[in-house]
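Let me begin by presenting the structure, written as structure tokens, before commenting on it.
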Protein chains: 2
Amino acid sequence: MVDKKTKNWAGCPVRFGMSQFGDKWSFLIIRDLMFKGRKYYNEFLEAGEGISTNILANRLADLEHNGIISKHQDRIKRSKYIYRLTEKGIALMPMMLAMIDWAEKFDQQTEVPPEFIQKLRQNPDKLQQELLRQLEHN
Amino acid sequence: MVDKKTKNWAGCPVRFGMSQFGDKWSFLIIRDLMFKGRKYYNEFLEAGEGISTNILANRLADLEHNGIISKHQDRIKRSKYIYRLTEKGIALMPMMLAMIDWAEKFDQQTEVPPEFIQKLRQNPDKLQQELLRQLEHN
DNA sequence: AATTTAACTTGTTTTTTGCAAGTTAAATTA
DNA sequence: TAATTTAACTTGCAAAAAACAAGTTAAATT
């Protein structure tokens with residue numbers, strides 16, 4: 001039973017989440033990394049959401065500082081940097097999937113591929129395994 | 001299989017989510033409604049997070065406008081208003097629980113009651129049923 | 001050697017937030 | 001019943017953050 005009397009979750013998990021990745025742009029960067037295969041600064045920039053260069057740089061730095069993403073020099077083109085989700089970042093997948101599930105239910109306009117949403121509802125673990133495998137290929 | 005080639009989820013569910021409840025204060029209000037039994041304007045104000053009165057009023061109005069919460073006059077004291085999660089708001093519970101699970105893993109300071117987190121990991125459906133029942137009692 | 005690419009940084013304007021004080025309507029108290 | 005208190009806001013202003021435009025730097029390409 002959940003105890004409403006224990007006044008506060010002193011270190012509140014929701015507040016913690018918000019402090020680590022809790023703004024629009026951070027969420028969208030995590031989405032890009034998790035589901036869209038984007039990994040370079042300019043791929044995020046050109047994702048079409050309209051983020052400004054300074055804000056992008058700032059959010060990438062924050063996310064890296066919070067251990068949600070990591071930054072590596074590209075081996076082939078050393079002027080490029082590859083951003084990746086860390087284990088901590090990858091662990092946000094259930095939350096992201098829950099959000100996608102929710103949005104698909106309540107937003108007419110949301111266009112998640114039907115087979116994605118079907119898999120999400122019928123066999124979420126399997127979908128997650130597939131997504132994780134894709135992340136490792138990056 | 002997730003198709004990375006279908007360039008965009010034209011109506012992106014993550015962007016939709018962010019537009020509906022995607023800022024720190026909205027999240028904290030939803031948390032208060034979902035887990036803490038708070039339902040009056042001044043309970044949110046005094047929750048200790050330090051939200052300003054104008055921002056609280058604004059976020060409540062936005063959440064109501066987005067259909068995530070509803071506002072009713074208190075029957076006993078008609079100068080008070082009761083805020084409640086709608087079905088759409090209640091449906092955010094899996095996302096919130098995923099967030100709590102995540103935070104508990106990665107934040108030393110997070111203090112979720114152990115029996116809550118244990119239940120969340122061992123029998124999430126049952127926990128959710130219990131939480132839903134509590135919401136209906138409000 | 002000159003240009004282009006990629007990832008930023010800097011300066012300025014605009015928007016949003018935070019803070020303090022004020023308003024309104026209902027309920028309680030004197 | 002008049003005066004005070006409670007509850008939920010609104011308003012005005014200062015401070016912080018975001019958006020916009022332009023500039024910098026280092027590496028790679030021409």
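Naming works like this for the structure tokens: A, B, ... for the chains as they're shown, residue 1 at the start of each chain, ligands 1 onward in shown order.
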Practice item. Skip stretch 1-17 of chain C itself and residues of its chain fewer than 5 positions away, then list as a VMD selection string all residues within 10 Å of it, counting only C-alpha atoms (C1' of nucleotides). Key: (chain A and resid 40 to 42 53 to 54 56 to 57 77 to 81) or (chain B and resid 52 54 to 55) or (chain D and resid 15 to 30)
Helix (DSSP H, G or I) positions in chain A, given as a ChimeraX atom specification
/A:13-21,24-35,41-45,53-65,87-90,93-106,114-122,124-136
Extract the full set of strand (DSSP E or B) residues from chain B according to DSSP on the backbone, and format it as a PyMOL selection string. chain B and resi 69-73+81-85
Can you tell me, as JSON, numbers by chain, what residues are no more than 10 Å from stretch 24-29 of chain A when counting only C-alpha atoms (C1' of nucleotides), ignoring any on the same chain fewer than 4 positions away?
{"A": [20, 33, 34, 36, 38, 39, 41, 44, 45, 47, 49, 50, 51, 52, 55, 56, 58, 59, 60, 62, 63, 69, 96], "B": [12, 14, 15, 17, 18, 19, 21, 22, 23, 24]}
Report as a ChimeraX atom specification all protein, DNA and RNA residues lying within 10 Å of C:DT24, evaluated on only C-alpha atoms (C1' of nucleotides), omitting residues in the same chain fewer than 2 positions from it.
/C:26 /D:8-10
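In this comparison, which uses only C-alpha atoms (C1' of nucleotides), the residue of A:Leu85, A:Ile76, A:Ile30, A:Ile68 approaching chain D most closely is A:Ile76.
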One decimal place gives the atom C1' of D:DG12-atom CA of B:Gly48 separation as 24.9 Å
If you take only C-alpha atoms and a cut-off of 7 Å, which residues of chain B touch chain A, and what are their nearest atom pairs and distances in Å to one decimal, in chain and number order, as CSV?
residue,atom,partner,partner_atom,distance
B:Val2,CA,A:Phe116,CA,6.6
B:Lys4,CA,A:Lys36,CA,5.9
B:Trp9,CA,A:Glu111,CA,5.4
B:Ala10,CA,A:Glu111,CA,5.9
B:Gly11,CA,A:Thr110,CA,4.2
B:Cys12,CA,A:Thr110,CA,5.6
B:Pro13,CA,A:Ala103,CA,5.1
B:Val14,CA,A:Ile100,CA,6.3
B:Phe16,CA,A:Ala103,CA,6.7
B:Gly17,CA,A:Ala103,CA,6.3
B:Met18,CA,A:Lys24,CA,5.7
B:Gly22,CA,A:Lys24,CA,6.2
B:Asp23,CA,A:Asp23,CA,5.8
B:Lys24,CA,A:Met18,CA,5.7
B:Lys36,CA,A:Lys4,CA,5.9
B:Gly37,CA,A:Lys4,CA,7.0
B:Ala91,CA,A:Trp102,CA,6.7
B:Leu92,CA,A:Trp102,CA,6.7
B:Pro94,CA,A:Ala98,CA,6.0
B:Met95,CA,A:Ala98,CA,4.9
B:Ala98,CA,A:Met95,CA,4.9
B:Met99,CA,A:Met95,CA,5.8
B:Ile100,CA,A:Pro13,CA,5.3
B:Trp102,CA,A:Leu92,CA,6.7
B:Ala103,CA,A:Pro13,CA,5.1
B:Glu104,CA,A:Pro13,CA,6.6
B:Gln109,CA,A:Gly11,CA,5.3
B:Thr110,CA,A:Gly11,CA,4.2
B:Glu111,CA,A:Gly11,CA,5.1
B:Val112,CA,A:Trp9,CA,5.8
B:Phe116,CA,A:Val2,CA,6.7
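Atom pair atom CA of A:Ser70 / atom CA of A:Arg84: separated by 5.3 Å.
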